[in-house]
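Chemist: Just so it is clear, I am handing over coords-v3.csv, which has CSV, C-alpha atoms.
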```
chain,number,residue,atom,x,y,z
A,13,MET,CA,31.6,14.9,-4.1
A,14,THR,CA,33.7,17.8,-2.8
A,15,ASP,CA,33.0,20.8,-0.6
A,16,SER,CA,33.7,24.5,-1.5
A,17,ALA,CA,37.4,24.0,-0.5
A,18,GLY,CA,37.7,21.0,-2.8
A,19,SER,CA,37.9,18.5,0.1
A,20,PRO,CA,36.0,15.2,-0.2
A,21,THR,CA,32.7,15.1,1.6
A,22,THR,CA,30.5,12.2,2.5
A,23,ALA,CA,26.8,12.6,1.7
A,24,ARG,CA,24.6,11.8,4.6
A,25,PRO,CA,22.3,8.8,4.0
A,26,CYS,CA,18.7,9.7,3.2
A,27,ARG,CA,16.6,9.7,6.4
A,28,ILE,CA,13.1,8.3,5.6
A,29,LEU,CA,10.1,7.9,7.9
A,30,VAL,CA,8.1,4.8,6.9
A,31,THR,CA,4.7,4.6,8.7
A,32,GLY,CA,3.2,1.2,9.0
A,33,ALA,CA,6.7,-0.3,9.1
A,34,ALA,CA,5.5,-3.5,10.8
A,35,GLY,CA,2.8,-4.0,8.2
A,36,PHE,CA,3.1,-6.1,5.0
A,37,ILE,CA,4.2,-3.4,2.5
A,38,GLY,CA,6.0,-1.3,5.1
A,39,TYR,CA,8.2,-4.2,6.1
A,40,HIS,CA,9.2,-5.0,2.6
A,41,LEU,CA,9.8,-1.3,1.8
A,42,SER,CA,11.9,-0.8,4.9
A,43,ARG,CA,14.1,-3.8,4.0
A,44,TYR,CA,14.7,-2.4,0.5
A,45,LEU,CA,15.6,1.1,1.8
A,46,LEU,CA,18.0,-0.3,4.4
A,47,ALA,CA,19.6,-2.5,1.8
A,48,ARG,CA,20.5,0.5,-0.3
A,49,GLY,CA,21.9,2.4,2.7
A,50,ASP,CA,19.1,4.7,3.8
A,51,GLU,CA,18.3,5.4,7.4
A,52,VAL,CA,14.8,4.3,8.2
A,53,VAL,CA,12.6,5.3,11.1
A,54,GLY,CA,9.7,2.9,11.2
A,55,LEU,CA,6.5,3.8,12.9
A,56,ASP,CA,3.6,1.5,13.8
A,57,ASN,CA,0.9,1.2,16.5
A,58,LEU,CA,1.0,-2.6,16.4
A,59,ASN,CA,-2.8,-2.8,16.5
A,60,ASP,CA,-4.6,-6.2,16.6
A,61,TYR,CA,-6.5,-5.9,13.3
A,62,TYR,CA,-4.7,-9.2,12.6
A,63,ASP,CA,-2.2,-11.4,14.4
A,64,VAL,CA,0.3,-9.1,16.1
A,65,SER,CA,2.9,-11.9,16.2
A,66,LEU,CA,3.3,-11.6,12.4
A,67,LYS,CA,4.1,-7.9,12.9
A,68,HIS,CA,6.6,-8.6,15.6
A,69,ALA,CA,8.3,-11.2,13.4
A,70,ARG,CA,8.7,-8.6,10.6
A,71,LEU,CA,10.0,-6.1,13.1
A,72,ALA,CA,12.5,-8.5,14.5
A,73,GLN,CA,14.2,-8.8,11.1
A,74,LEU,CA,14.2,-5.0,10.5
A,75,LYS,CA,15.8,-4.4,14.0
A,76,ASN,CA,18.8,-6.4,12.9
A,77,ASP,CA,19.9,-3.4,10.8
A,78,GLY,CA,21.7,-0.6,12.7
A,79,ASN,CA,20.1,2.0,10.4
A,80,PHE,CA,16.6,1.1,11.5
A,81,ARG,CA,14.9,2.7,14.5
A,82,PHE,CA,11.4,1.7,15.6
A,83,VAL,CA,8.8,4.0,17.1
A,84,GLU,CA,5.6,2.5,18.5
A,85,MET,CA,3.0,5.3,18.1
A,86,ASP,CA,-0.5,5.9,16.7
A,87,LEU,CA,-0.8,8.3,13.8
A,88,ALA,CA,-3.7,9.9,15.7
A,89,ASP,CA,-1.4,11.0,18.6
A,90,ARG,CA,-1.1,14.6,17.6
A,91,GLU,CA,1.5,15.7,20.2
A,92,GLY,CA,3.6,12.6,19.7
A,93,MET,CA,3.6,12.9,15.9
A,94,ALA,CA,4.6,16.6,16.2
A,95,ARG,CA,7.5,15.6,18.4
A,96,LEU,CA,8.6,12.8,16.1
A,97,PHE,CA,8.7,15.1,13.1
A,98,ALA,CA,10.4,18.0,15.0
A,99,GLU,CA,13.2,15.6,16.2
A,100,GLY,CA,13.4,13.4,13.1
A,101,ALA,CA,14.9,15.6,10.4
A,102,PHE,CA,13.2,13.4,7.8
A,103,ASP,CA,14.2,14.0,4.2
A,104,LYS,CA,11.2,12.0,2.9
A,105,VAL,CA,8.1,10.3,4.3
A,106,VAL,CA,6.3,7.2,3.0
A,107,ASN,CA,2.9,6.9,4.7
A,108,LEU,CA,1.7,3.3,4.6
A,109,ALA,CA,0.0,3.2,8.0
A,110,ALA,CA,-3.8,3.1,7.7
A,111,GLN,CA,-6.8,1.1,8.9
A,112,ALA,CA,-7.1,-1.4,6.1
A,113,GLY,CA,-9.9,-3.6,4.8
A,114,VAL,CA,-13.1,-2.9,3.0
A,115,ARG,CA,-15.4,-5.3,4.9
A,116,TYR,CA,-14.0,-4.3,8.3
A,117,SER,CA,-15.1,-0.7,7.6
A,118,LEU,CA,-18.7,-1.8,7.8
A,119,LYS,CA,-18.1,-3.0,11.4
A,120,ASN,CA,-15.8,-0.4,12.8
A,121,PRO,CA,-16.0,2.9,10.9
A,122,HIS,CA,-14.4,5.0,13.7
A,123,ALA,CA,-11.1,3.2,13.3
A,124,TYR,CA,-10.9,4.5,9.7
A,125,ILE,CA,-11.6,8.1,10.8
A,126,ASP,CA,-9.0,8.0,13.5
A,127,SER,CA,-6.2,6.5,11.5
A,128,ASN,CA,-6.9,7.5,7.9
A,129,LEU,CA,-8.2,11.0,8.4
A,130,VAL,CA,-7.0,12.3,11.8
A,131,GLY,CA,-3.7,10.4,11.4
A,132,PHE,CA,-3.1,11.6,7.9
A,133,THR,CA,-3.7,15.2,9.0
A,134,ASN,CA,-0.9,14.8,11.5
A,135,ILE,CA,1.4,13.4,8.8
A,136,LEU,CA,0.6,16.4,6.5
A,137,GLU,CA,1.2,18.9,9.3
A,138,GLY,CA,4.5,17.2,10.3
A,139,CYS,CA,5.8,17.3,6.7
A,140,ARG,CA,4.6,20.9,6.3
A,141,HIS,CA,6.4,22.3,9.4
A,142,ASN,CA,9.6,20.3,9.2
A,143,GLY,CA,11.0,20.7,5.6
A,144,VAL,CA,10.1,17.2,4.3
A,145,LYS,CA,11.1,17.2,0.6
A,146,HIS,CA,8.5,14.6,-0.5
A,147,LEU,CA,5.5,12.8,1.0
A,148,THR,CA,4.5,9.6,-0.7
A,149,TYR,CA,1.4,8.0,0.6
A,150,ALA,CA,-0.7,4.9,0.1
A,151,SER,CA,-4.1,5.3,-1.6
A,152,SER,CA,-6.0,2.4,-2.9
A,153,SER,CA,-7.6,0.9,-6.1
A,154,SER,CA,-10.8,1.0,-3.9
A,155,VAL,CA,-11.2,4.7,-4.8
A,156,TYR,CA,-12.5,3.7,-8.2
A,157,GLY,CA,-15.6,2.5,-6.5
A,158,ALA,CA,-18.6,2.4,-8.8
A,159,ASN,CA,-16.5,3.1,-11.9
A,160,THR,CA,-16.8,0.4,-14.6
A,161,ARG,CA,-14.6,1.9,-17.4
A,162,MET,CA,-11.6,-0.3,-17.6
A,163,PRO,CA,-8.6,-0.1,-17.2
A,164,PHE,CA,-8.9,2.3,-14.2
A,165,SER,CA,-6.9,5.4,-14.9
A,166,VAL,CA,-5.6,8.2,-12.6
A,167,HIS,CA,-7.1,10.6,-15.1
A,168,HIS,CA,-10.6,9.3,-14.4
A,169,ASN,CA,-13.0,10.9,-12.0
A,170,VAL,CA,-13.4,8.9,-8.7
A,171,ASP,CA,-16.2,10.6,-6.9
A,172,HIS,CA,-18.3,7.5,-6.2
A,173,PRO,CA,-16.7,5.3,-3.5
A,174,VAL,CA,-18.6,2.2,-2.3
A,175,SER,CA,-17.0,1.7,1.1
A,176,LEU,CA,-15.9,4.0,3.9
A,177,TYR,CA,-12.4,2.7,3.5
A,178,ALA,CA,-12.4,4.0,-0.1
A,179,ALA,CA,-13.9,7.3,1.0
A,180,THR,CA,-11.1,7.9,3.4
A,181,LYS,CA,-8.5,7.1,0.8
A,182,LYS,CA,-10.1,9.5,-1.7
A,183,ALA,CA,-10.1,12.1,1.2
A,184,ASN,CA,-6.4,11.5,1.6
A,185,GLU,CA,-5.8,12.4,-2.0
A,186,LEU,CA,-7.8,15.6,-1.6
A,187,MET,CA,-6.1,16.6,1.6
A,188,ALA,CA,-2.7,16.0,0.1
A,189,HIS,CA,-3.6,18.2,-2.9
A,190,THR,CA,-4.6,21.0,-0.6
A,191,TYR,CA,-1.2,20.9,1.2
A,192,ALA,CA,0.6,20.8,-2.2
A,193,HIS,CA,-1.4,23.8,-3.3
A,194,LEU,CA,-1.2,25.9,-0.1
A,195,TYR,CA,2.3,25.1,1.1
A,196,GLY,CA,4.1,23.7,-1.9
A,197,LEU,CA,4.5,20.3,-0.2
A,198,PRO,CA,5.3,17.7,-2.9
A,199,CYS,CA,2.8,14.9,-2.5
A,200,THR,CA,2.4,11.7,-4.4
A,201,GLY,CA,-0.5,9.2,-3.9
A,202,LEU,CA,-0.2,5.6,-4.9
A,203,ARG,CA,-3.2,3.5,-5.7
A,204,PHE,CA,-2.2,-0.1,-4.9
A,205,PHE,CA,-4.0,-3.0,-6.6
A,206,THR,CA,-4.5,-6.2,-4.5
A,207,VAL,CA,-1.0,-6.6,-3.1
A,208,TYR,CA,0.2,-10.1,-2.2
A,209,GLY,CA,3.4,-12.1,-1.5
A,210,PRO,CA,5.5,-13.4,1.4
A,211,TRP,CA,4.8,-11.9,4.8
A,212,GLY,CA,1.3,-10.9,3.5
A,213,ARG,CA,-1.7,-10.0,5.5
A,214,PRO,CA,-3.7,-12.9,6.9
A,215,ASP,CA,-7.0,-11.2,6.0
A,216,MET,CA,-6.3,-11.2,2.3
A,217,ALA,CA,-7.4,-13.9,-0.2
A,218,MET,CA,-4.0,-15.4,-0.9
A,219,PHE,CA,-3.3,-16.1,2.8
A,220,LEU,CA,-6.9,-17.1,3.6
A,221,PHE,CA,-7.2,-19.6,0.7
A,222,THR,CA,-3.7,-21.1,1.3
A,223,ASP,CA,-4.4,-21.5,5.1
A,224,ALA,CA,-7.8,-23.0,4.6
A,225,ILE,CA,-6.8,-25.5,1.9
A,226,LEU,CA,-3.8,-26.7,3.9
A,227,ASN,CA,-6.0,-27.1,7.0
A,228,GLY,CA,-8.9,-28.8,5.2
A,229,ARG,CA,-11.4,-26.0,5.6
A,230,PRO,CA,-13.7,-24.7,2.9
A,231,ILE,CA,-12.9,-21.3,1.3
A,232,ASP,CA,-15.4,-18.5,0.9
A,233,VAL,CA,-15.6,-17.5,-2.8
A,234,PHE,CA,-17.5,-14.3,-3.2
A,235,ASN,CA,-19.6,-13.2,-6.2
A,236,TYR,CA,-19.7,-17.0,-7.0
A,237,GLY,CA,-16.1,-16.7,-8.3
A,238,LYS,CA,-16.9,-14.0,-10.9
A,239,MET,CA,-14.4,-11.6,-9.5
A,240,ARG,CA,-11.3,-10.2,-11.3
A,241,ARG,CA,-8.4,-8.7,-9.5
A,242,ASP,CA,-5.2,-7.0,-10.7
A,243,PHE,CA,-3.1,-9.0,-8.2
A,244,THR,CA,0.3,-7.2,-7.8
A,245,TYR,CA,3.3,-8.9,-6.3
A,246,ILE,CA,5.0,-7.2,-3.3
A,247,ASP,CA,8.4,-6.8,-5.0
A,248,ASP,CA,6.7,-4.9,-7.8
A,249,ILE,CA,4.9,-2.7,-5.4
A,250,VAL,CA,8.1,-1.8,-3.5
A,251,GLU,CA,10.0,-1.1,-6.7
A,252,GLY,CA,7.2,1.3,-7.7
A,253,VAL,CA,7.1,3.0,-4.3
A,254,VAL,CA,10.8,3.6,-4.2
A,255,ARG,CA,11.0,5.0,-7.8
A,256,VAL,CA,8.1,7.3,-7.1
A,257,SER,CA,9.5,8.5,-3.8
A,258,ASP,CA,12.8,9.2,-5.4
A,259,ASN,CA,11.0,11.2,-8.2
A,260,VAL,CA,9.8,14.2,-6.3
A,261,ALA,CA,6.3,15.3,-7.4
A,262,SER,CA,6.2,18.4,-9.6
A,263,ALA,CA,3.6,20.7,-11.0
A,264,ASN,CA,2.1,19.9,-14.4
A,265,ALA,CA,2.8,23.0,-16.5
A,266,ALA,CA,0.1,22.0,-19.0
A,267,TRP,CA,-2.6,21.6,-16.3
A,268,ASN,CA,-5.8,23.2,-17.5
A,269,SER,CA,-8.3,24.4,-14.9
A,270,ASP,CA,-11.1,24.4,-17.6
A,271,ALA,CA,-10.5,20.7,-18.1
A,272,PRO,CA,-8.8,19.6,-14.8
A,273,ASP,CA,-6.8,16.4,-14.9
A,274,PRO,CA,-7.4,14.5,-11.6
A,275,GLY,CA,-4.1,12.7,-11.8
A,276,THR,CA,-1.9,15.9,-11.8
A,277,SER,CA,-2.1,19.5,-10.8
A,278,ALA,CA,-0.7,23.0,-11.1
A,279,ALA,CA,0.6,22.2,-7.6
A,280,PRO,CA,3.4,19.6,-6.9
A,281,TYR,CA,1.0,16.7,-6.8
A,282,ARG,CA,0.8,13.4,-8.6
A,283,LEU,CA,-1.2,10.2,-8.5
A,284,TYR,CA,-0.2,6.8,-9.8
A,285,ASN,CA,-1.7,3.3,-10.1
A,286,ILE,CA,0.6,0.5,-9.1
A,287,GLY,CA,-1.0,-2.7,-10.5
A,288,ASN,CA,0.0,-5.7,-12.6
A,289,ASN,CA,-2.1,-4.4,-15.5
A,290,ASN,CA,-3.3,-7.9,-16.0
A,291,PRO,CA,-6.5,-8.9,-14.2
A,292,VAL,CA,-6.8,-12.5,-13.0
A,293,GLU,CA,-10.1,-14.4,-12.5
A,294,LEU,CA,-10.6,-15.4,-8.9
A,295,MET,CA,-11.1,-19.1,-9.9
A,296,HIS,CA,-7.8,-19.0,-11.8
A,297,LEU,CA,-6.1,-17.8,-8.6
A,298,ILE,CA,-7.6,-20.6,-6.6
A,299,GLU,CA,-6.6,-23.1,-9.3
A,300,THR,CA,-3.0,-21.8,-9.2
A,301,ILE,CA,-2.9,-22.1,-5.4
A,302,GLU,CA,-4.4,-25.7,-5.6
A,303,LYS,CA,-1.7,-26.7,-8.1
A,304,LYS,CA,1.1,-25.3,-6.0
A,305,LEU,CA,-0.3,-27.0,-2.9
A,306,GLY,CA,-1.2,-30.3,-4.6
A,307,ARG,CA,-4.6,-30.1,-3.0
A,308,THR,CA,-8.2,-29.2,-4.1
A,309,ALA,CA,-10.2,-26.6,-2.3
A,310,GLU,CA,-13.7,-27.1,-1.0
A,311,LYS,CA,-15.5,-24.0,-2.3
A,312,ASN,CA,-18.3,-22.1,-0.5
A,313,LEU,CA,-19.8,-20.0,-3.3
A,314,LEU,CA,-21.4,-16.7,-1.9
A,315,PRO,CA,-22.8,-13.5,-3.3
A,316,ILE,CA,-20.8,-10.3,-3.6
A,317,GLN,CA,-20.3,-8.5,-0.3
A,318,PRO,CA,-21.2,-4.9,0.5
A,319,GLY,CA,-18.4,-2.6,-0.4
A,320,ASP,CA,-16.7,-5.0,-2.8
A,321,VAL,CA,-16.3,-4.3,-6.5
A,322,PRO,CA,-16.4,-7.1,-9.1
A,323,ALA,CA,-13.3,-6.2,-11.0
A,324,THR,CA,-10.1,-4.1,-10.8
A,325,TYR,CA,-7.7,-3.4,-13.6
A,326,ALA,CA,-4.9,-0.8,-13.5
A,327,ASP,CA,-3.8,1.6,-16.2
A,328,VAL,CA,-0.1,2.1,-15.4
A,329,ASP,CA,0.8,4.4,-18.3
A,330,ALA,CA,1.5,7.4,-16.0
A,331,LEU,CA,3.9,5.3,-13.9
A,332,VAL,CA,5.7,4.0,-16.9
A,333,GLN,CA,6.0,7.4,-18.4
A,334,ASP,CA,7.3,9.2,-15.3
A,335,VAL,CA,9.5,6.6,-13.5
A,336,GLY,CA,10.0,3.9,-16.2
A,337,PHE,CA,8.5,1.0,-14.3
A,338,LYS,CA,5.7,-1.5,-14.9
A,339,PRO,CA,4.9,-4.4,-12.6
A,340,ALA,CA,5.3,-7.7,-14.4
A,341,THR,CA,5.4,-10.7,-11.9
A,342,SER,CA,3.1,-13.4,-13.1
A,343,ILE,CA,0.4,-14.8,-10.8
A,344,GLU,CA,2.1,-18.3,-11.1
A,345,ASP,CA,5.5,-17.0,-10.0
A,346,GLY,CA,4.0,-14.8,-7.2
A,347,VAL,CA,1.8,-17.6,-5.8
A,348,GLY,CA,4.7,-20.0,-5.9
A,349,ARG,CA,6.9,-17.6,-3.8
A,350,PHE,CA,4.0,-16.9,-1.4
A,351,VAL,CA,3.3,-20.6,-0.8
A,352,ASP,CA,7.0,-21.4,-0.3
A,353,TRP,CA,7.2,-18.6,2.4
A,354,TYR,CA,4.0,-19.8,4.0
A,355,ARG,CA,5.2,-23.4,4.3
A,356,ASP,CA,8.5,-22.2,5.7
A,357,TYR,CA,7.1,-19.7,8.2
A,358,PHE,CA,4.4,-22.0,9.6
A,359,LYS,CA,6.6,-25.1,9.3
A,360,VAL,CA,3.9,-26.9,7.2
```
Would you write out, as structure tokens, the structure that this file holds?
Modeler:
Amino acid sequence: MTDSAGSPTTARPCRILVTGAAGFIGYHLSRYLLARGDEVVGLDNLNDYYDVSLKHARLAQLKNDGNFRFVEMDLADREGMARLFAEGAFDKVVNLAAQAGVRYSLKNPHAYIDSNLVGFTNILEGCRHNGVKHLTYASSSSVYGANTRMPFSVHHNVDHPVSLYAATKKANELMAHTYAHLYGLPCTGLRFFTVYGPWGRPDMAMFLFTDAILNGRPIDVFNYGKMRRDFTYIDDIVEGVVRVSDNVASANAAWNSDAPDPGTSAAPYRLYNIGNNNPVELMHLIETIEKKLGRTAEKNLLPIQPGDVPATYADVDALVQDVGFKPATSIEDGVGRFVDWYRDYFKV
């Protein structure tokens, strides 16, 4: 690259704000971005929804890179977020910080309002006022709620959430569309489908089952095992996030207000599913973990829990068409890598 005088110039690395950087997906995404030479500012409030030591261990690895800077802050801190954006000169933002968990939303609803609604407003305002070129944010497969038409498509209507968590994620999509429409802020929402892998969250099935089996405790199997999930390996999630973030959302010139497509817009707004496109029976997941561990689980069969859905299955055609990527890691390979990490991390 040369400047107007013909002299060589060095392009500045892309500066990206990753919220939830101490979290499972945020940690892996930050590692990927740093490895390709981006500057990453990682934000996290280090809350105690699960073991904070795991978050600190992830951060310790990220801090080894000179292009990583950590900011401990809550998304709901309006003044702090405004300062961060004003000083940060971020090219792009990937918002992964949120209060997660379907069942926890039954116990502590206010945490979801503070983080997922108030916090997301602060993200949108920061992007709007500071020239951010693209906001990519985490939505969730939970937004499909009471839908039963499979596979779930971003072109389907999703107006019937069955948990407050899902409702806040649907609200994020609506809020982002408003900012794309009013201010021309390119926004892309990503509906993640049951993410798992090394450094994963301790409240998720993969971690819970592995931990219980190795420690001789029974595992809780909801809906009597008749659950199907589109388990998606973390490396596939990160690859999808990066490709989408690099592909700035654009308006759909063919969008028709008489027959509105929920997945696109006349504004620079897009939605994508990132899922394995291959649902796995819960019992098959358990069998795969048992085989890898060489132990049999004692199963406590229970009814489906409030807010849960019996099955998820991602249609990823839009992702393939727009960024040329489709998750493909098999459950056997993914479980193997997770268990290997678990044994190493916990010295089992």
Chemist: Within 12 Å of (-4.3, -28.5, -3.8) (coordinates as in the file), grab all the protein and nucleic acid residues, counting only C-alpha atoms, and write them out as a ChimeraX atom specification.
Modeler: /A:221-228,297-310,351
Chemist: Please produce a file of those selected residues containing C-alpha atoms, as a compact mmCIF listing (two decimals), in the frame of the given file.
Modeler:
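As written to disk, part.txt reads:
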```
# COMPACT_ATOMS: atom_id res chain seq x y z
CA PHE A 221 -7.20 -19.60 0.70
CA THR A 222 -3.70 -21.10 1.30
CA ASP A 223 -4.40 -21.50 5.10
CA ALA A 224 -7.80 -23.00 4.60
CA ILE A 225 -6.80 -25.50 1.90
CA LEU A 226 -3.80 -26.70 3.90
CA ASN A 227 -6.00 -27.10 7.00
CA GLY A 228 -8.90 -28.80 5.20
CA LEU A 297 -6.10 -17.80 -8.60
CA ILE A 298 -7.60 -20.60 -6.60
CA GLU A 299 -6.60 -23.10 -9.30
CA THR A 300 -3.00 -21.80 -9.20
CA ILE A 301 -2.90 -22.10 -5.40
CA GLU A 302 -4.40 -25.70 -5.60
CA LYS A 303 -1.70 -26.70 -8.10
CA LYS A 304 1.10 -25.30 -6.00
CA LEU A 305 -0.30 -27.00 -2.90
CA GLY A 306 -1.20 -30.30 -4.60
CA ARG A 307 -4.60 -30.10 -3.00
CA THR A 308 -8.20 -29.20 -4.10
CA ALA A 309 -10.20 -26.60 -2.30
CA GLU A 310 -13.70 -27.10 -1.00
CA VAL A 351 3.30 -20.60 -0.80
```
Chemist: Report, in Å to a single decimal, how far apart atom CA of A:Arg213 and atom CA of A:Glu51 are.
Modeler: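 Atom CA of A:Arg213 lies at a distance of 25.3 Å from atom CA of A:Glu51.
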Chemist: Would you mind telling me which residue in A:Ser342, A:Asn290, A:Ser152, A:Thr324 lies nearest to A:Ala183 when using all atoms listed in the file?
Modeler: A:Ser152
Chemist: Go through A:His167, A:Arg27, A:Lys359, A:Lys182 one by one, measure the shortest atom-to-atom distance of each to A:Val328 using all atoms listed in the file, and give the residue with the smallest value.
Modeler: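 Once distances to A:Val328 are computed over all atoms listed in the file, the minimum belongs to A:His167.
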Chemist: Using all atoms listed in the file, which of A:Ser42, A:Thr148, A:Thr341, A:Asn259 sits nearest A:Val207?
Modeler: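 The shortest atom-to-atom distance to A:Val207 comes from A:Thr341.
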Chemist: Of the candidates A:Leu96, A:Ile231, A:Val250, A:Ala326, which one gets nearest to A:His141 if we count all atoms listed in the file?
Modeler: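 For A:His141, the nearest of the given residues is A:Leu96.
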Chemist: List the neighbours of stretch 143-146 of chain A out to 12 Å using all atoms listed in the file; skip same-chain residues closer than 5 positions along the sequence, and give me the result as a short mmCIF file (atom, residue, chain, number, x, y, z; two decimals) with C-alpha atoms, in the coordinates of the input.
Modeler:
```
data_model
loop_
_atom_site.label_atom_id
_atom_site.label_comp_id
_atom_site.auth_asym_id
_atom_site.auth_seq_id
_atom_site.Cartn_x
_atom_site.Cartn_y
_atom_site.Cartn_z
CA CYS A 26 18.70 9.70 3.20
CA ARG A 27 16.60 9.70 6.40
CA ILE A 28 13.10 8.30 5.60
CA LEU A 29 10.10 7.90 7.90
CA PHE A 97 8.70 15.10 13.10
CA ALA A 98 10.40 18.00 15.00
CA GLU A 99 13.20 15.60 16.20
CA GLY A 100 13.40 13.40 13.10
CA ALA A 101 14.90 15.60 10.40
CA PHE A 102 13.20 13.40 7.80
CA ASP A 103 14.20 14.00 4.20
CA LYS A 104 11.20 12.00 2.90
CA VAL A 105 8.10 10.30 4.30
CA VAL A 106 6.30 7.20 3.00
CA ASN A 107 2.90 6.90 4.70
CA ILE A 135 1.40 13.40 8.80
CA LEU A 136 0.60 16.40 6.50
CA GLU A 137 1.20 18.90 9.30
CA GLY A 138 4.50 17.20 10.30
CA ALA A 188 -2.70 16.00 0.10
CA TYR A 191 -1.20 20.90 1.20
CA ALA A 192 0.60 20.80 -2.20
CA TYR A 195 2.30 25.10 1.10
CA GLY A 196 4.10 23.70 -1.90
CA LEU A 197 4.50 20.30 -0.20
CA PRO A 198 5.30 17.70 -2.90
CA CYS A 199 2.80 14.90 -2.50
CA THR A 200 2.40 11.70 -4.40
CA GLY A 201 -0.50 9.20 -3.90
CA VAL A 254 10.80 3.60 -4.20
CA VAL A 256 8.10 7.30 -7.10
CA SER A 257 9.50 8.50 -3.80
CA ASP A 258 12.80 9.20 -5.40
CA ASN A 259 11.00 11.20 -8.20
CA VAL A 260 9.80 14.20 -6.30
CA ALA A 261 6.30 15.30 -7.40
CA SER A 262 6.20 18.40 -9.60
CA PRO A 280 3.40 19.60 -6.90
CA TYR A 281 1.00 16.70 -6.80
CA ARG A 282 0.80 13.40 -8.60
#
```
Chemist: What is the atom CA of A:Tyr116-atom CA of A:Glu91 distance in Å, reported with one decimal?
Modeler: 28.0 Å
